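So this one's final-v3.txt, compact mmCIF, C-alpha atoms:
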# COMPACT_ATOMS: atom_id res chain seq x y z
CA MET X 1 0.00 0.00 0.00
CA SER X 2 1.48 3.35 -0.96
CA ASP X 3 1.94 5.94 1.73
CA ASN X 4 -0.75 8.29 0.46
CA LEU X 5 -3.25 5.40 0.58
CA LEU X 6 -2.33 4.84 4.22
CA LEU X 7 -2.97 8.52 4.90
CA GLU X 8 -6.22 8.43 2.95
CA ALA X 9 -7.46 5.46 5.00
CA ARG X 10 -6.45 7.26 8.20
CA ALA X 11 -8.23 10.44 7.09
CA LEU X 12 -11.43 8.56 6.24
CA ASP X 13 -11.40 7.02 9.72
CA VAL X 14 -10.82 10.40 11.38
CA GLN X 15 -13.54 11.94 9.24
CA ALA X 16 -15.98 9.14 10.14
CA ASN X 17 -15.40 9.96 13.81
CA GLY X 18 -16.43 13.58 13.18
CA HIS X 19 -13.01 15.13 13.79
CA PHE X 20 -13.15 17.24 10.62
CA ALA X 21 -16.60 18.69 11.37
CA HIS X 22 -16.86 22.46 11.51
CA GLY X 23 -16.78 23.57 15.13
CA TYR X 24 -15.44 20.23 16.44
CA ASP X 25 -13.54 21.03 19.61
CA GLY X 26 -12.50 17.58 20.84
CA VAL X 27 -9.13 15.92 20.32
CA VAL X 28 -8.41 15.60 16.60
CA ASP X 29 -6.52 12.38 15.92
CA SER X 30 -3.03 12.63 14.45
CA PRO X 31 -2.42 11.91 10.77
CA CYS X 32 0.61 9.78 11.72
CA VAL X 33 0.62 6.40 9.93
CA ASN X 34 3.92 5.23 11.49
CA VAL X 35 5.97 5.84 8.35
CA CYS X 36 8.19 8.47 9.93
CA LYS X 37 10.68 9.45 7.24
CA MET X 38 11.22 12.87 5.74
CA THR X 39 11.33 13.26 1.97
CA PRO X 40 14.79 13.77 0.46
CA ASP X 41 14.12 17.53 0.16
CA ARG X 42 12.91 17.53 3.82
CA SER X 43 9.66 19.27 2.83
CA HIS X 44 7.39 16.77 4.58
CA CYS X 45 7.05 13.30 6.12
CA GLU X 46 6.59 10.51 3.59
CA GLY X 47 3.89 8.92 5.75
CA CYS X 48 1.66 11.67 7.10
CA PHE X 49 2.67 14.42 4.65
CA ARG X 50 3.09 16.98 7.46
CA SER X 51 5.98 19.44 7.39
CA ILE X 52 8.46 19.36 10.27
CA ASP X 53 6.94 22.59 11.59
CA GLU X 54 3.46 21.01 11.53
CA ILE X 55 4.76 17.93 13.34
CA ARG X 56 6.37 20.12 16.00
CA ALA X 57 3.22 22.23 16.42
CA TRP X 58 0.84 19.27 16.65
CA SER X 59 1.04 18.54 20.38
CA LYS X 60 0.17 22.12 21.36
CA ALA X 61 -2.39 22.75 18.59
CA ASP X 62 -6.09 23.09 19.34
CA ALA X 63 -8.74 21.26 17.30
CA ALA X 64 -9.05 24.02 14.68
CA ALA X 65 -5.29 24.20 14.13
CA ARG X 66 -5.09 20.41 13.88
CA GLN X 67 -7.82 20.43 11.25
CA ILE X 68 -5.83 23.01 9.27
CA ILE X 69 -2.70 20.85 9.54
CA TRP X 70 -4.69 17.83 8.36
CA MET X 71 -6.04 19.71 5.33
CA ALA X 72 -2.56 20.92 4.36
CA ALA X 73 -1.20 17.37 4.63
CA LEU X 74 -4.05 15.96 2.57
CA GLN X 75 -3.52 18.62 -0.08
CA ARG X 76 0.20 17.74 -0.24
CA ALA X 77 -0.73 14.09 -0.64
CA GLY X 78 -3.24 14.86 -3.39
CA ILE X 79 -6.10 13.44 -1.35
CA GLU X 80 -9.57 14.93 -1.54
CA LEU X 81 -12.02 13.64 1.02
CA PRO X 82 -15.78 13.64 0.49
CA LYS X 83 -17.39 16.77 1.90
CA VAL X 84 -18.89 16.45 5.36
CA VAL X 85 -22.59 17.29 5.49
CA ALA X 86 -23.32 18.77 8.91
As structure tokens - that is how I would like this structure written.
Amino acid sequence: MSDNLLLEARALDVQANGHFAHGYDGVVDSPCVNVCKMTPDRSHCEGCFRSIDEIRAWSKADAAARQIIWMAALQRAGIELPKVVA
């Protein structure tokens, strides 16, 4: 399974649990898929597609910031999730 498919499966699970819903203020699960290796250009992790700055910021980020980090990682990975109907 390619790394972006691992991330896509993780994102679908997180989405199914409501963590991407507008106004969600609980704990947003991490995009980490346990493939912790930076790309050769060091722009992002090959597994979760987060930048090193996003990885560093994650533990102190609130739900809204985590959602933004998720969306940036998904965009980098070329993954478009179905829209959530609230």
Inset, instruction - Tell me which protein, DNA and RNA residues are within 12 Å of segment 69-81 of chain X, counting all atoms listed in the file, leaving out same-chain ones fewer than 5 positions away, and put them as a ChimeraX atom specification. - result: /X:2-16,19-20,28-32,43-59,61-64
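Atom CA of Ile68 of chain X lies 20.4 Å from atom CA of Asn34 of chain X.
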Inset, instruction - Go ahead and compute the interatomic distance for atom CA of Gly26 of chain X and atom CA of Arg66 of chain X, in Å to one decimal. - result: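 One can read the atom CA of Gly26 of chain X to atom CA of Arg66 of chain X distance as 10.6 Å.
In this structure, atom CA of Gly18 of chain X sits 15.4 Å away from atom CA of Ala65 of chain X.
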Expected file content for segment 45-79 of chain X, N, CA and C atoms, as a PDB file, in the first residue's frame:
ATOM      1  N   CYS X  45       6.937  14.724   5.784  1.00  0.00           N
ATOM      2  CA  CYS X  45       7.050  13.302   6.121  1.00  0.00           C
ATOM      3  C   CYS X  45       6.446  12.474   4.991  1.00  0.00           C
ATOM      4  N   GLU X  46       7.096  11.379   4.661  1.00  0.00           N
ATOM      5  CA  GLU X  46       6.594  10.511   3.592  1.00  0.00           C
ATOM      6  C   GLU X  46       5.328   9.753   4.006  1.00  0.00           C
ATOM      7  N   GLY X  47       5.067   9.637   5.292  1.00  0.00           N
ATOM      8  CA  GLY X  47       3.890   8.916   5.754  1.00  0.00           C
ATOM      9  C   GLY X  47       2.672   9.792   5.948  1.00  0.00           C
ATOM     10  N   CYS X  48       2.816  10.827   6.764  1.00  0.00           N
ATOM     11  CA  CYS X  48       1.660  11.675   7.104  1.00  0.00           C
ATOM     12  C   CYS X  48       1.593  12.958   6.286  1.00  0.00           C
ATOM     13  N   PHE X  49       2.620  13.247   5.527  1.00  0.00           N
ATOM     14  CA  PHE X  49       2.674  14.419   4.649  1.00  0.00           C
ATOM     15  C   PHE X  49       2.668  15.749   5.398  1.00  0.00           C
ATOM     16  N   ARG X  50       2.965  15.723   6.715  1.00  0.00           N
ATOM     17  CA  ARG X  50       3.095  16.978   7.457  1.00  0.00           C
ATOM     18  C   ARG X  50       4.518  17.504   7.325  1.00  0.00           C
ATOM     19  N   SER X  51       4.649  18.825   7.354  1.00  0.00           N
ATOM     20  CA  SER X  51       5.978  19.438   7.388  1.00  0.00           C
ATOM     21  C   SER X  51       6.552  19.265   8.796  1.00  0.00           C
ATOM     22  N   ILE X  52       7.847  19.472   8.943  1.00  0.00           N
ATOM     23  CA  ILE X  52       8.463  19.355  10.267  1.00  0.00           C
ATOM     24  C   ILE X  52       7.869  20.385  11.230  1.00  0.00           C
ATOM     25  N   ASP X  53       7.557  21.577  10.735  1.00  0.00           N
ATOM     26  CA  ASP X  53       6.939  22.594  11.592  1.00  0.00           C
ATOM     27  C   ASP X  53       5.541  22.148  12.047  1.00  0.00           C
ATOM     28  N   GLU X  54       4.790  21.507  11.156  1.00  0.00           N
ATOM     29  CA  GLU X  54       3.463  21.014  11.533  1.00  0.00           C
ATOM     30  C   GLU X  54       3.575  19.882  12.548  1.00  0.00           C
ATOM     31  N   ILE X  55       4.555  19.018  12.382  1.00  0.00           N
ATOM     32  CA  ILE X  55       4.763  17.928  13.338  1.00  0.00           C
ATOM     33  C   ILE X  55       5.112  18.498  14.706  1.00  0.00           C
ATOM     34  N   ARG X  56       5.985  19.483  14.726  1.00  0.00           N
ATOM     35  CA  ARG X  56       6.372  20.123  15.996  1.00  0.00           C
ATOM     36  C   ARG X  56       5.189  20.814  16.665  1.00  0.00           C
ATOM     37  N   ALA X  57       4.340  21.457  15.879  1.00  0.00           N
ATOM     38  CA  ALA X  57       3.222  22.229  16.421  1.00  0.00           C
ATOM     39  C   ALA X  57       2.071  21.348  16.897  1.00  0.00           C
ATOM     40  N   TRP X  58       2.006  20.124  16.417  1.00  0.00           N
ATOM     41  CA  TRP X  58       0.842  19.272  16.647  1.00  0.00           C
ATOM     42  C   TRP X  58       0.462  19.143  18.122  1.00  0.00           C
ATOM     43  N   SER X  59       1.382  18.840  18.988  1.00  0.00           N
ATOM     44  CA  SER X  59       1.043  18.542  20.379  1.00  0.00           C
ATOM     45  C   SER X  59       0.427  19.723  21.119  1.00  0.00           C
ATOM     46  N   LYS X  60       0.715  20.935  20.694  1.00  0.00           N
ATOM     47  CA  LYS X  60       0.166  22.121  21.359  1.00  0.00           C
ATOM     48  C   LYS X  60      -0.997  22.750  20.594  1.00  0.00           C
ATOM     49  N   ALA X  61      -1.338  22.184  19.441  1.00  0.00           N
ATOM     50  CA  ALA X  61      -2.386  22.755  18.592  1.00  0.00           C
ATOM     51  C   ALA X  61      -3.775  22.403  19.120  1.00  0.00           C
ATOM     52  N   ASP X  62      -4.695  23.365  18.990  1.00  0.00           N
ATOM     53  CA  ASP X  62      -6.085  23.086  19.338  1.00  0.00           C
ATOM     54  C   ASP X  62      -6.760  22.367  18.157  1.00  0.00           C
ATOM     55  N   ALA X  63      -8.021  22.023  18.318  1.00  0.00           N
ATOM     56  CA  ALA X  63      -8.736  21.256  17.295  1.00  0.00           C
ATOM     57  C   ALA X  63      -8.738  21.973  15.943  1.00  0.00           C
ATOM     58  N   ALA X  64      -8.997  23.281  15.943  1.00  0.00           N
ATOM     59  CA  ALA X  64      -9.052  24.021  14.679  1.00  0.00           C
ATOM     60  C   ALA X  64      -7.694  24.015  13.975  1.00  0.00           C
ATOM     61  N   ALA X  65      -6.625  24.218  14.723  1.00  0.00           N
ATOM     62  CA  ALA X  65      -5.286  24.205  14.130  1.00  0.00           C
ATOM     63  C   ALA X  65      -4.937  22.818  13.612  1.00  0.00           C
ATOM     64  N   ARG X  66      -5.348  21.785  14.341  1.00  0.00           N
ATOM     65  CA  ARG X  66      -5.089  20.414  13.885  1.00  0.00           C
ATOM     66  C   ARG X  66      -5.844  20.120  12.589  1.00  0.00           C
ATOM     67  N   GLN X  67      -7.059  20.614  12.491  1.00  0.00           N
ATOM     68  CA  GLN X  67      -7.816  20.428  11.250  1.00  0.00           C
ATOM     69  C   GLN X  67      -7.106  21.113  10.079  1.00  0.00           C
ATOM     70  N   ILE X  68      -6.562  22.289  10.311  1.00  0.00           N
ATOM     71  CA  ILE X  68      -5.827  23.008   9.266  1.00  0.00           C
ATOM     72  C   ILE X  68      -4.586  22.216   8.860  1.00  0.00           C
ATOM     73  N   ILE X  69      -3.887  21.665   9.835  1.00  0.00           N
ATOM     74  CA  ILE X  69      -2.701  20.848   9.539  1.00  0.00           C
ATOM     75  C   ILE X  69      -3.112  19.629   8.719  1.00  0.00           C
ATOM     76  N   TRP X  70      -4.180  18.980   9.111  1.00  0.00           N
ATOM     77  CA  TRP X  70      -4.686  17.832   8.356  1.00  0.00           C
ATOM     78  C   TRP X  70      -4.963  18.218   6.898  1.00  0.00           C
ATOM     79  N   MET X  71      -5.669  19.317   6.696  1.00  0.00           N
ATOM     80  CA  MET X  71      -6.043  19.714   5.335  1.00  0.00           C
ATOM     81  C   MET X  71      -4.811  20.019   4.484  1.00  0.00           C
ATOM     82  N   ALA X  72      -3.805  20.643   5.087  1.00  0.00           N
ATOM     83  CA  ALA X  72      -2.561  20.922   4.364  1.00  0.00           C
ATOM     84  C   ALA X  72      -1.860  19.620   3.986  1.00  0.00           C
ATOM     85  N   ALA X  73      -1.835  18.665   4.906  1.00  0.00           N
ATOM     86  CA  ALA X  73      -1.195  17.369   4.628  1.00  0.00           C
ATOM     87  C   ALA X  73      -1.944  16.625   3.527  1.00  0.00           C
ATOM     88  N   LEU X  74      -3.261  16.635   3.595  1.00  0.00           N
ATOM     89  CA  LEU X  74      -4.050  15.958   2.565  1.00  0.00           C
ATOM     90  C   LEU X  74      -3.845  16.606   1.197  1.00  0.00           C
ATOM     91  N   GLN X  75      -3.766  17.925   1.180  1.00  0.00           N
ATOM     92  CA  GLN X  75      -3.516  18.620  -0.081  1.00  0.00           C
ATOM     93  C   GLN X  75      -2.156  18.219  -0.651  1.00  0.00           C
ATOM     94  N   ARG X  76      -1.128  18.168   0.200  1.00  0.00           N
ATOM     95  CA  ARG X  76       0.199  17.740  -0.241  1.00  0.00           C
ATOM     96  C   ARG X  76       0.171  16.333  -0.814  1.00  0.00           C
ATOM     97  N   ALA X  77      -0.641  15.481  -0.219  1.00  0.00           N
ATOM     98  CA  ALA X  77      -0.726  14.087  -0.641  1.00  0.00           C
ATOM     99  C   ALA X  77      -1.626  13.900  -1.860  1.00  0.00           C
ATOM    100  N   GLY X  78      -2.332  14.957  -2.250  1.00  0.00           N
ATOM    101  CA  GLY X  78      -3.242  14.857  -3.388  1.00  0.00           C
ATOM    102  C   GLY X  78      -4.505  14.083  -3.063  1.00  0.00           C
ATOM    103  N   ILE X  79      -4.919  14.162  -1.809  1.00  0.00           N
ATOM    104  CA  ILE X  79      -6.100  13.436  -1.346  1.00  0.00           C
ATOM    105  C   ILE X  79      -7.243  14.426  -1.136  1.00  0.00           C
TER     106      ILE X  79
END
